[in-house]
Structures are given as C-alpha cells and as structure tokens.
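*Asks:* Okay, handing you the structure first.
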2 protein chains.
Amino acid sequence: MKIIKGGVTAPKGFLAGSTSCGIKKSGKTDLALLFSTTPCVTAGTFTTNRVKSGSVVLSIERLKKGSAQAVFVNSGNANCCVGKKEIKDAREITSLAARKLNLKNDSILIASTGIIGRPLPVNKIKNGIKGLIQNLSKSNGTSFAKAIMTTDTVHKEIAVEINIKGKVVKVAGAVKGAGMICPNMATMLAFFTTDAVIEKEALKQAFKESVYDSFNKITIDGDMSTNDSAIIFANSMAGNSVIKKNTRDYAIFLDAIKFVAKELSRKIVLDGEGATRFIEIIVKDAKTENMAGSIARHIANSNLVKTMIAGGDPNWGRIAASAGASGVKINSGRMDIYFGRVLVMKNGAGVNVSRMLLLDIFRKKEIKIVVDLKSGKYTDRIWTCDFTEEYVKINSEYEA
Amino acid sequence: MKIIKGGVTAPKGFLAGSTSCGIKKSGKTDLALLFSTTPCVTAGTFTTNRVKSGSVVLSIERLKKGSAQAVFVNSGNANCCVGKKEIKDAREITSLAARKLNLKNDSILIASTGIIGRPLPVNKIKNGIKGLIQNLSKSNGTSFAKAIMTTDTVHKEIAVEINIKGKVVKVAGAVKGAGMICPNMATMLAFFTTDAVIEKEALKQAFKESVYDSFNKITIDGDMSTNDSAIIFANSMAGNSVIKKNTRDYAIFLDAIKFVAKELSRKIVLDGEGATRFIEIIVKDAKTENMAGSIARHIANSNLVKTMIAGGDPNWGRIAASAGASGVKINSGRMDIYFGRVLVMKNGAGVNVSRMLLLDIFRKKEIKIVVDLKSGKYTDRIWTCDFTEEYVKINSEYEA
C-alpha cells in the first residue's frame with residue numbers, strides 16, 4: 001500500500017465539484033458534488049441519533065439497493081428539525097441535480113451539515129447546481145474536501161494505491177468534522193471512493209469494519225450529531241478481478257480502506273474544536289472488548305480528564321475515577337495506569353514517579369494513556385482530544 | 001414546615017466544630033466534626049464509582065449496623081487511589097477522634113474530599129483533632145459547612161422545623177459540591193441531622209427517597225466522584241412519638257427531609273464551577289420514568305447544550321439532537337420543545353417564534369427547558385448549570 005497524492009478524485013472515473021450558493025454568510029464554498037462517470041456499488045453508515053436530518057433519511061432509503069453514482073453535499077445547513085419539508089427539499093434538490101447529470105433520481109445521494117432547525121434555502125441551492133455541475137473535474141478533489149467544511153480549520157483527504165493481482169486499485173476519502181457547530185451544529189461527513197471491482201456484500205462488510213475501527217472510535221465532545229454520514233462508492237474502473245469476501249484480495253482491500261478511514265478519523269480528532277492535543281486511550285486486558293471500549297470511551301468523554309490534559313497536569317487520579325465511573329464492574333485494586341510508558345498507578349495506588357518526567361509527557365502534542373485492568377485478554381482504544389476554553393468559546397458564541 | 005435559621009446544629013443535641021490542620025495550603029479550615037450528644041439512628045448513600053475512597057469504604061462498613069454518633073470530615077484530600085493505606089489511615093484517625101469523644105470506634109464515620117492519589121497527611125490531621133474537638137459547639141453549624149468546602153464559592157446549609165403530634169422536630173443539612181476539583185478533584189458531601197424519634201427502617205427509606213429526588217437528579221459536569229457521601233443522623237431528642245413507615249407522621253417527616261435535600265442539591269447546582277445559570281430540564285409524557293430521566297440527564301450533560309446556554313443562544317436544535325442521541329427510542333416526529341412556556345419545536349419541526357422573546361428567556365438566571373414526548377404519562381427532571389470558559393479554566397489550572 002502506498003499513499004498517493006489527492007483525495008476523492010484520485011481513483012479512476014471520479015469527478016468532484018464545488019461552488020458557493022450563499023448558505024455560508026462568509027461566501028465560502030457550500031455546495032459540493034462527487035460523481036462517478038460509471039455506476040457504482042455503494043455502502044453507507046449513518047448516525048444512530050433518533051433525530052435524523054431529512055438528507056440522512058433519504059440517503060438511507062436510496063442506499064438500500066446498494067448502488068448509486070453521485071452524492072450532493074451542502075454545508076452550512078443540517079436540513080434537520082424542519083419537519084416534512086426536509087425530505088421534500090432533499091428530493092427536489094437531488095432530482096434537479098440528477099436531471100442535469102443524466103442520472104435516475106435514486107442514483108444520487110445527499111448529505112447536509114450545519115445549523116439545525118432552519119429550512120434549506122432551496123432556491124439558492126437550485127441556483128447553485130448548474131455552476132456546481134460545470135465545475136465537475138478530476139482536479140477538484142481538494143475543492144470538494146474544502147466545500148464540505150464548517151468549523152474545520154483544515155480540509156481532510158487522503159488517497160492510497162494497492163495492487164490486486166497486478167492491477168492498480170485506488171482507495172480515497174475526504175471528511176469533515178471538528179465538533180458539532182456552524183457555529184451551532186456540525187457533524188462528521190465522510191466520502192470514500194475506489195475504482196476497485198468488488199462484490200456488493202464484500203464492499204458493505206469492508207466498509208462497516210473500517211468505520212467501526214475508525215469513526216466509531218473517536219470522540220471530541222461526546223455529542224452525537226443528527227447528520228453523520230459515511231458513504232463509499234466503488235466504480236469498478238480499475239478492472240481488477242472481482243474482490244470477494246474471505247479472499248486474499250479482500251484482505252488487501254480491507255487493509256487499505258481501514259488505513260484510509262483511520263487516517264481520516266485521526267485528522268478529525270487533530271482538528272477537534274479548540275483542541276491542542278491528540279490523546280489515545282487504550283484499555284487493555286479487560287474481560288470483553290465491549291468492556292474495554294466502554295471504559296476507554298468514558299475516559300475519553302470525561303470533561304475532567306480532557307481539561308486536565310488541556311492544563312498539562314498529569315493527574316492520573318482523574319483517569320482512575322473516570323474508569324471507575326464507567327459502569328463497568330472493574331476491580332480497582334488490580335488496575336494499573338500508564339502515561340506513555342510510565343507506570344503511574346499500580347494496583348489502584350499511586351506510584352512514586354518524577355513529576356518532571358510526567359510533565360514532559362504531557363507537554364507533547366500526542367499523549368497515550370493506558371489503563372491495564374489485568375482481568376482478561378481484550379483491548380480497545382479511543383482517540384480523543386483535550387478540552388480547552390476555546391471549545392467553550394466556539395460553542396457558546398452568540399449566533400445572530 | 002417552616003425554614004429556620006442555622007444548619008446541622010439546629011436540631012437538638014448536635015454540636016459541630018472545625019479547624020485548620022494545614023491540608024489546604026490557603027490555611028482555610030479543612031477538618032470538621034459533627035457530633036451528637038446521644039446515639040443516633042443513621043443511614044447513608046455513597047458513590048457507585050468502582051474506585052472508592054478508603055473513607056467511603058470504612059463509612060459503608062460502619063453504617064451497616066444503622067447507628068453512629070459522629071462524622072469526621074477532612075477537605076483538601078480525597079484519601080483515594082493510595083492503596084491499603086487509605087483504610088488504615090481512616091481507621092487511625094477515627095480511632096483517635098473516637099477516644100477523645102468517648103465513643104466506640106465504630107460510632108464515628110469519616111468523609112474526605114479533595115485531591116486524589118495523595119496519602120492523607122495523618123500526622124497533621126491527628127495534631128488537629130484536639131483543637132477540633134475543643135471547638136465543638138452548638139453555634140458552629142455554619143463553620144462546619146464552611147470547613148467542608150473545596151472549590152465551592154459559598155457554604156450551603158439549611159434547617160426546617162415540623163410538628164409531629166405537637167412536638168417540634170427539626171431537620172437540617174449541610175453540603176459541599178461544585179464540580180470535581182481541589183483543584184484536581186472534589187465531590188459532593190452531604191450531612192443531615194434531625195432530632196426526630198424515628199425507626200431505623202423508616203429513616204433509611206425516607207433518606208433514600210430524598211437523595212433519589214435531589215442529589216441523584218443534578219449534574220454539573222457529568223463526572224462521578226470517588227467520594228460522594230450522604231449521611232443522616234437522627235438522635236431522638238425531639239421526644240416525638242416514634243415515626244414509623246406508612247404513617248401520616250412519616251409523610252410529614254419525608255416532606256421535610258425531601259425539601260431539605262432538594263434545597264441543598266439546588267444550592268450545589270447554583271454554585272456549579274464557572275456556572276452562570278441554573279437550568280431545569282423536564283422530560284414529560286414518556287413511556288417510563290426511566291426513559292424520561294435518561295433523556296433529561298443526557299441533555300443536561302451535553303456540552304453543546306450547556307455551552308449554548310452559557311452563550312445565551314436559544315438554539316433548540318441542540319436540545320432535539322441531544323434527546324435523539326440519548327439511546328432512548330423516541331419518536332422525533334412527536335417531540336415538542338419549550339423554552340420556559342414558549343413552544344419552540346412542535347412535532348419535530350421548528351416553530352416560528354420571536355427571537356427577541358427567546359433571547360429574553362435565555363438572559364434569565366434560571367432557565368426551564370421542557371421536552372414533551374407525547375408518548376406516555378411519565379415525567380422526570382434534572383437540574384444542571386451552564387458550561388463556561390471558567391469551568392475549563394478552573395479544571396485545567398496547573399496544580400504544582
């Protein structure tokens with residue numbers, strides 16, 4: 001596997017475009033389109049929030065058949081909590097785009113991100129569609145990644161190349177996500193492209209595993225969005241022999257897509273609102289993977305842990321308290337905690353360690369915290385970021 | 001029921017004292033003692049954190065028999081994550097205090113609050129005990145409430161008087177709690193006193209119900225402490241006819257203790273770290289009380305909701321998103337949201353309301369948010385506070 005230049009348009013046959021239609025007051029690009037010149041096998045995962053954007057509802061419906069050819073994205077408005085209008089608007093916008101792209105209506109998906117509770121400015125968007133389609137190009141992968149941003153400070157994309165029995169196959173992705181605002185609300189959107197020839201079920205399975213291992217294992221502020229959408233398109237243009245489940249080719253493909261998803265999820269955490277540090281929480285030797293994951297997530301979402309790291313204070317007591325509060329029945333008398341490789345708590349009691357050493361660890365941009373339960377053989381990890389005054393500032397700013 | 005002056009020493013036969021032994025660098029009082037001149041029926045509830053302070057462990061053990069006569073409190077050090085030393089220290093300190101008070105060892109409970117992971121300065125504390133006991137007095141209720149503070153900005157106490165078949169009975173309490181630091185970690189401690197004559201089981205039941213309805217329904221930062229302790233002493237000195245379960249007298253007593261507990265829990269939220277606003281989240285017409293409570297708690301712990309209120313921005317979309325993310329299977333298309341009495345979302349869609357009106361509601365010190373699920377007949381509520389940059393500042397401050 002090799003990292004190559006570019007984003008979602010790196011794989012063969014994918015075009016992307018962006019334009020500004022005026023949803024963002026700043027005038028920045030707020031419409032984006034990803035289009036494959038040939039039909040694709042597709043798969044997706046979406047927010048489990050019981051309050052879902054109409055855009056999410058429509059995409060879930062259209063993805064049932066497992067194929068599509070394009071996705072229309074708007075940023076600046078979540079198309080959520082507006083009532084029946086949400087789905088009506090999503091249908092109307094995608095119909096117009098489909099007509100201009102010469103696609104069937106159900107071959108185009110939609111994703112939205114931005115403020116909740118305001119109707120989409122449908123006319124503005126419709127006016128923007130023509131320019132958006134004219135902008136479609138092989139060279140606009142990065143503009144696509146930029147147009148889907150809200151509070152993100154950097155655009156996020158990556159592409160890799162693998163070899164499937166002598167054929168070059170590319171896998172790429174672009175994401176947005178930094179918390180949940182715009183300035184009121186944002187979310188995670190992820191779009192993956194590949195020119196692989198792959199069976200529908202194999203793609204679905206590989207994508208599910210990749211998302212589980214990446215986007216499902218990060219947290220910035222613990223608040224779940226109404227709009228999270230991750231979608232993958234595979235357009236078969238690499239001409240490789242078809243990838244089937246449980247084969248060596250599948251394993252190679254899975255590796256690539258997992259890598260892309262993990263790198264993109266890492267970029268989201270690094271760009272967390274107000275964040276100054278990337279934190280890896282590893283919980284090991286738990287009775288089940290689920291227990292390890294629950295504890296890791298609980299620690300990663302603890303405001304006390306996150307503010308402590310923002311302050312550069314190596315107070316492992318907060319880690320222990322958070323692990324104990326996770327709801328998992330741990331034996332605190334067996335629990336060890338490490339900051340980086342340094343043991344700071346052994347069997348539930350503090351270890352005498354140089355505070356200077358710990359302060360050094362906490363000064364680094366990336367911090368690893370390991371909780372060893374010594375009670376089983378399962379490990380899990382969560383990536384998170386620290387919690388600074390800037391986060392509160394970003395999220396409490398009065399929105400006129 | 002009548003609110004009367006004073007705190008834990010308002011009921012007959014209770015003395016309190018405080019002193020400074022040097023745990024707090026500021027020199028503020030850090031040892032406190034609450035003592036009844038006669039034996040008491042006692043009950044308590046404690047943190048469910050799997051990591052518990054040795055002080056909590058010892059008090060739970062001693063409370064099993066349902067009687068005690070005093071509680072020793074230190075603030076500034078949680079006596080937690082120190083290993084076996086925690087219980088040893090707690091025993092040693094309480095033994096010394098018991099000897100000086102002429103009590104059996106198991107008649108004195110202990111509670112600690114403050115930083116985690118540092119051994120109690122046992123010698124300092126032992127040196128302080130003599131002065132602490134000499135300080136015991138009927139007039140030191142308020143000094144007691146002050147000595148248990150950590151990051152609290154105000155001391156918190158209340159006392160009421162009720163009439164049980166012609167006899168005056170008093171119920172009082174003092175609490176500390178404002179978040180979880182010192183500057184690294186603090187917690188909620190609550191001490192109740194009453195001179196009522198009451199059966200052990202009746203006291204236990206009444207106390208459990210009161211705590212459920214008060215301290216269990218507040219949240220400041222969602223982080224659960226290792227040291228939460230709530231203890232009640234009933235010393236029978238009012239000379240009323242004994243209060244038994246399921247009687248009219250019990251109902252009167254329950255009312256009083258519930259009132260005291262609710263008022264004290266309210267004071268904690270009002271004193272939340274960095275908080276500028278008191279927020280009541282009510283979830284109504286849910287299928288079960290548990291569902292209502294889960295949604296209310298999820299909203300109350302959402303950083304996006306709390307920062308929004310800090311910013312004075314009436315963005316109900318965040319409330320809807322948080323309700324949907326609570327894990328409870330709600331029908332978002334039936335959900336209504338009110339700010340105060342103003343309907344802002346009806347059946348999952350925004351209502352056209354004057355923004356000026358909403359901004360006015362959000363400018364008030366106390367804000368009520370109602371989520372109506374229209375799916376059943378159960379209601380629950382949680383009290384919380386907003387989330388300001390000051391919270392992050394308090395909790396990220398480097399601790400030397």
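Every chain in the structure tokens takes a letter, A first, then B, and so on in the order presented; its residues are numbered from 1, and the ligands are numbered from 1 following the presented order.
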How close does chain A get to chain B? List, as a tab-separated table, each residue of chain A within 7 Å, its nearest atom pair and the distance in Å to one decimal, counting only C-alpha atoms.
*Replies:*
residue	atom	partner	partner_atom	distance
A:Asn49	CA	B:Ala325	CA	4.6
A:Arg50	CA	B:Gly324	CA	4.3
A:Val51	CA	B:Gly324	CA	4.8
A:Cys81	CA	B:Ala349	CA	4.6
A:Val82	CA	B:Ala349	CA	4.2
A:Gly83	CA	B:Ala349	CA	4.4
A:Ile116	CA	B:Gly317	CA	5.2
A:Gly117	CA	B:Gly317	CA	5.7
A:Asp221	CA	B:Asn303	CA	6.8
A:Asp223	CA	B:Ser302	CA	6.4
A:Met224	CA	B:Ala325	CA	5.8
A:Ser225	CA	B:Ala321	CA	6.5
A:Thr226	CA	B:Ala321	CA	6.0
A:Ser302	CA	B:Asp223	CA	6.4
A:Asn303	CA	B:Asp221	CA	6.8
A:Leu304	CA	B:Asn395	CA	6.6
A:Thr307	CA	B:Ser396	CA	4.8
A:Met308	CA	B:Ser396	CA	4.8
A:Ala310	CA	B:Ser396	CA	5.9
A:Gly311	CA	B:Ser396	CA	4.1
A:Gly312	CA	B:Tyr398	CA	6.7
A:Asp313	CA	B:Tyr398	CA	5.6
A:Gly317	CA	B:Ile116	CA	5.2
A:Ala320	CA	B:Val51	CA	7.0
A:Ala321	CA	B:Val51	CA	6.0
A:Gly324	CA	B:Arg50	CA	4.3
A:Ala325	CA	B:Asn49	CA	4.6
A:Lys329	CA	B:Arg50	CA	6.8
A:Ile330	CA	B:Arg50	CA	6.5
A:Ser332	CA	B:Val51	CA	5.6
A:Gly348	CA	B:Cys81	CA	5.4
A:Ala349	CA	B:Val82	CA	4.3
A:Gly350	CA	B:Val82	CA	5.7
A:Thr388	CA	B:Val392	CA	6.2
A:Glu389	CA	B:Glu389	CA	4.8
A:Val392	CA	B:Glu389	CA	5.6
A:Lys393	CA	B:Glu389	CA	6.7
A:Asn395	CA	B:Thr307	CA	5.7
A:Ser396	CA	B:Gly311	CA	4.1
A:Glu397	CA	B:Gly311	CA	5.5
A:Tyr398	CA	B:Gly311	CA	5.6
A:Glu399	CA	B:Asp313	CA	6.7
*Asks:* Keeping C-alpha atoms, export the residues of the selection given above as a PDB file, in the first residue's frame.
*Replies:*
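Result file part-v9.pdb:
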ATOM      1  CA  ASN A  49     -29.493   9.580  16.550  1.00  0.00           C
ATOM      2  CA  ARG A  50     -33.290   9.199  16.709  1.00  0.00           C
ATOM      3  CA  VAL A  51     -33.484  12.731  15.338  1.00  0.00           C
ATOM      4  CA  CYS A  81     -35.757  19.609  12.686  1.00  0.00           C
ATOM      5  CA  VAL A  82     -37.706  21.345   9.974  1.00  0.00           C
ATOM      6  CA  GLY A  83     -40.459  18.728   9.604  1.00  0.00           C
ATOM      7  CA  ILE A 116     -30.209  22.631  12.810  1.00  0.00           C
ATOM      8  CA  GLY A 117     -33.785  23.862  12.651  1.00  0.00           C
ATOM      9  CA  ASP A 221     -17.221  16.347  22.715  1.00  0.00           C
ATOM     10  CA  ASP A 223     -22.333  14.947  21.407  1.00  0.00           C
ATOM     11  CA  MET A 224     -23.839  12.798  18.663  1.00  0.00           C
ATOM     12  CA  SER A 225     -24.933  14.509  15.512  1.00  0.00           C
ATOM     13  CA  THR A 226     -28.181  14.182  13.584  1.00  0.00           C
ATOM     14  CA  SER A 302     -14.686  12.939  30.738  1.00  0.00           C
ATOM     15  CA  ASN A 303     -14.516  16.710  30.935  1.00  0.00           C
ATOM     16  CA  LEU A 304     -12.238  16.392  33.945  1.00  0.00           C
ATOM     17  CA  THR A 307      -9.470  19.723  30.875  1.00  0.00           C
ATOM     18  CA  MET A 308      -6.640  18.188  32.881  1.00  0.00           C
ATOM     19  CA  ALA A 310      -5.524  20.904  28.336  1.00  0.00           C
ATOM     20  CA  GLY A 311      -3.857  22.183  31.501  1.00  0.00           C
ATOM     21  CA  GLY A 312      -0.863  19.864  31.090  1.00  0.00           C
ATOM     22  CA  ASP A 313      -1.451  18.384  34.533  1.00  0.00           C
ATOM     23  CA  GLY A 317      -6.465  10.172  39.706  1.00  0.00           C
ATOM     24  CA  ALA A 320      -8.891   6.179  37.697  1.00  0.00           C
ATOM     25  CA  ALA A 321     -12.061   7.947  38.853  1.00  0.00           C
ATOM     26  CA  GLY A 324     -14.456   3.547  37.978  1.00  0.00           C
ATOM     27  CA  ALA A 325     -17.476   5.608  36.960  1.00  0.00           C
ATOM     28  CA  LYS A 329     -17.537  -3.646  37.051  1.00  0.00           C
ATOM     29  CA  ILE A 330     -13.808  -3.277  37.354  1.00  0.00           C
ATOM     30  CA  SER A 332      -9.944  -1.123  41.136  1.00  0.00           C
ATOM     31  CA  GLY A 348      -5.100   1.075  42.426  1.00  0.00           C
ATOM     32  CA  ALA A 349      -2.403   3.052  44.223  1.00  0.00           C
ATOM     33  CA  GLY A 350      -0.123   5.811  43.056  1.00  0.00           C
ATOM     34  CA  THR A 388      -9.845  23.948  26.180  1.00  0.00           C
ATOM     35  CA  GLU A 389     -11.506  27.265  26.872  1.00  0.00           C
ATOM     36  CA  VAL A 392     -16.431  26.644  25.048  1.00  0.00           C
ATOM     37  CA  LYS A 393     -15.836  29.871  23.201  1.00  0.00           C
ATOM     38  CA  ASN A 395     -19.680  26.689  21.036  1.00  0.00           C
ATOM     39  CA  SER A 396     -21.119  29.471  23.143  1.00  0.00           C
ATOM     40  CA  GLU A 397     -20.628  32.269  20.662  1.00  0.00           C
ATOM     41  CA  TYR A 398     -23.832  34.122  20.128  1.00  0.00           C
ATOM     42  CA  GLU A 399     -25.209  33.381  16.690  1.00  0.00           C
TER      43      GLU A 399
END
*Asks:* Let's see if you can do this: from backbone DSSP, list all helix (DSSP H, G or I) residues in stretch 263-314 of chain B, as a list in words.
*Replies:*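 For stretch 263-314 of chain B, the helix (DSSP H, G or I) set is Glu263, Leu264, Ser265, Arg266, Lys267, Ile268, Val269, Leu270, Glu289, Asn290, Met291, Ala292, Gly293, Ser294, Ile295, Ala296, Arg297, His298, Ile299, Ala300, Asn303, Leu304, Val305, Lys306, Thr307, Met308, Ile309 and Ala310 of chain B.
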*Asks:* Neighbours of stretch 30-40 of chain B within 8 Å (only C-alpha atoms; same-chain residues fewer than 2 positions away dropped), as number ranges by chain?
*Replies:* B: 13-24, 28, 42, 67-76, 125, 128, 132-133, 136, 144, 147-148, 233-236
*Asks:* Would you mind exporting the chosen residues as a CSV table (one decimal), in the first residue's frame, restricted to C-alpha atoms?
*Replies:*
chain,number,residue,atom,x,y,z
B,13,GLY,CA,-28.3,17.7,70.7
B,14,PHE,CA,-26.0,18.3,67.7
B,15,LEU,CA,-22.6,20.0,68.0
B,16,ALA,CA,-20.2,20.9,65.3
B,17,GLY,CA,-16.6,22.0,65.1
B,18,SER,CA,-13.9,22.9,62.6
B,19,THR,CA,-10.3,23.7,62.5
B,20,SER,CA,-7.4,24.1,60.1
B,21,CYS,CA,-4.6,21.5,60.2
B,22,GLY,CA,-2.8,22.5,57.1
B,23,ILE,CA,-4.1,20.3,54.3
B,24,LYS,CA,-5.3,23.3,52.5
B,28,LYS,CA,-8.6,27.7,55.5
B,42,THR,CA,-28.1,6.7,60.9
B,67,SER,CA,-26.3,3.6,64.1
B,68,ALA,CA,-23.5,6.1,64.8
B,69,GLN,CA,-22.9,9.3,66.7
B,70,ALA,CA,-20.4,11.4,64.8
B,71,VAL,CA,-18.7,12.0,61.5
B,72,PHE,CA,-15.2,13.3,60.9
B,73,VAL,CA,-14.6,15.2,57.7
B,74,ASN,CA,-11.5,16.4,56.0
B,75,SER,CA,-11.4,18.6,52.9
B,76,GLY,CA,-8.4,19.0,50.6
B,125,ILE,CA,-4.7,15.6,60.9
B,128,GLY,CA,-5.6,18.9,64.5
B,132,LEU,CA,-11.3,20.3,66.5
B,133,ILE,CA,-13.0,18.7,69.5
B,136,LEU,CA,-17.3,21.6,69.2
B,144,PHE,CA,-18.8,23.1,59.8
B,147,ALA,CA,-14.8,23.7,56.6
B,148,ILE,CA,-16.0,21.0,54.2
B,233,PHE,CA,-28.2,11.2,61.9
B,234,ALA,CA,-31.4,11.0,63.9
B,235,ASN,CA,-30.8,11.4,67.7
B,236,SER,CA,-34.4,11.2,69.1
*Asks:* Give me the residues near A:Lys165 as an MDAnalysis selection string, where near means some atom within 8 Å (using only C-alpha atoms) and where sequence neighbours in that chain fewer than 6 positions away do not count.
*Replies:* chainID A and resid 240:241 249
*Asks:* Could you check how far atom CA of B:Ala174 sits from atom CA of B:Leu63, in Å to one decimal?
*Replies:*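 For atom CA of B:Ala174 relative to atom CA of B:Leu63, the distance reads 19.3 Å.
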*Asks:* Between B:Lys368, B:His155, B:Arg248, B:Lys258, which has the minimum distance to B:Ala300 (counting only C-alpha atoms)?
*Replies:*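 Under the stated criterion, the closest residue is B:Lys368.
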*Asks:* Would you mind telling me which residue in A:Ser55, A:Ser354, A:Asn102, A:Asn163 lies nearest to A:Lys88 when using only C-alpha atoms?
*Replies:*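 Smallest distance to A:Lys88 is found for A:Ser55.
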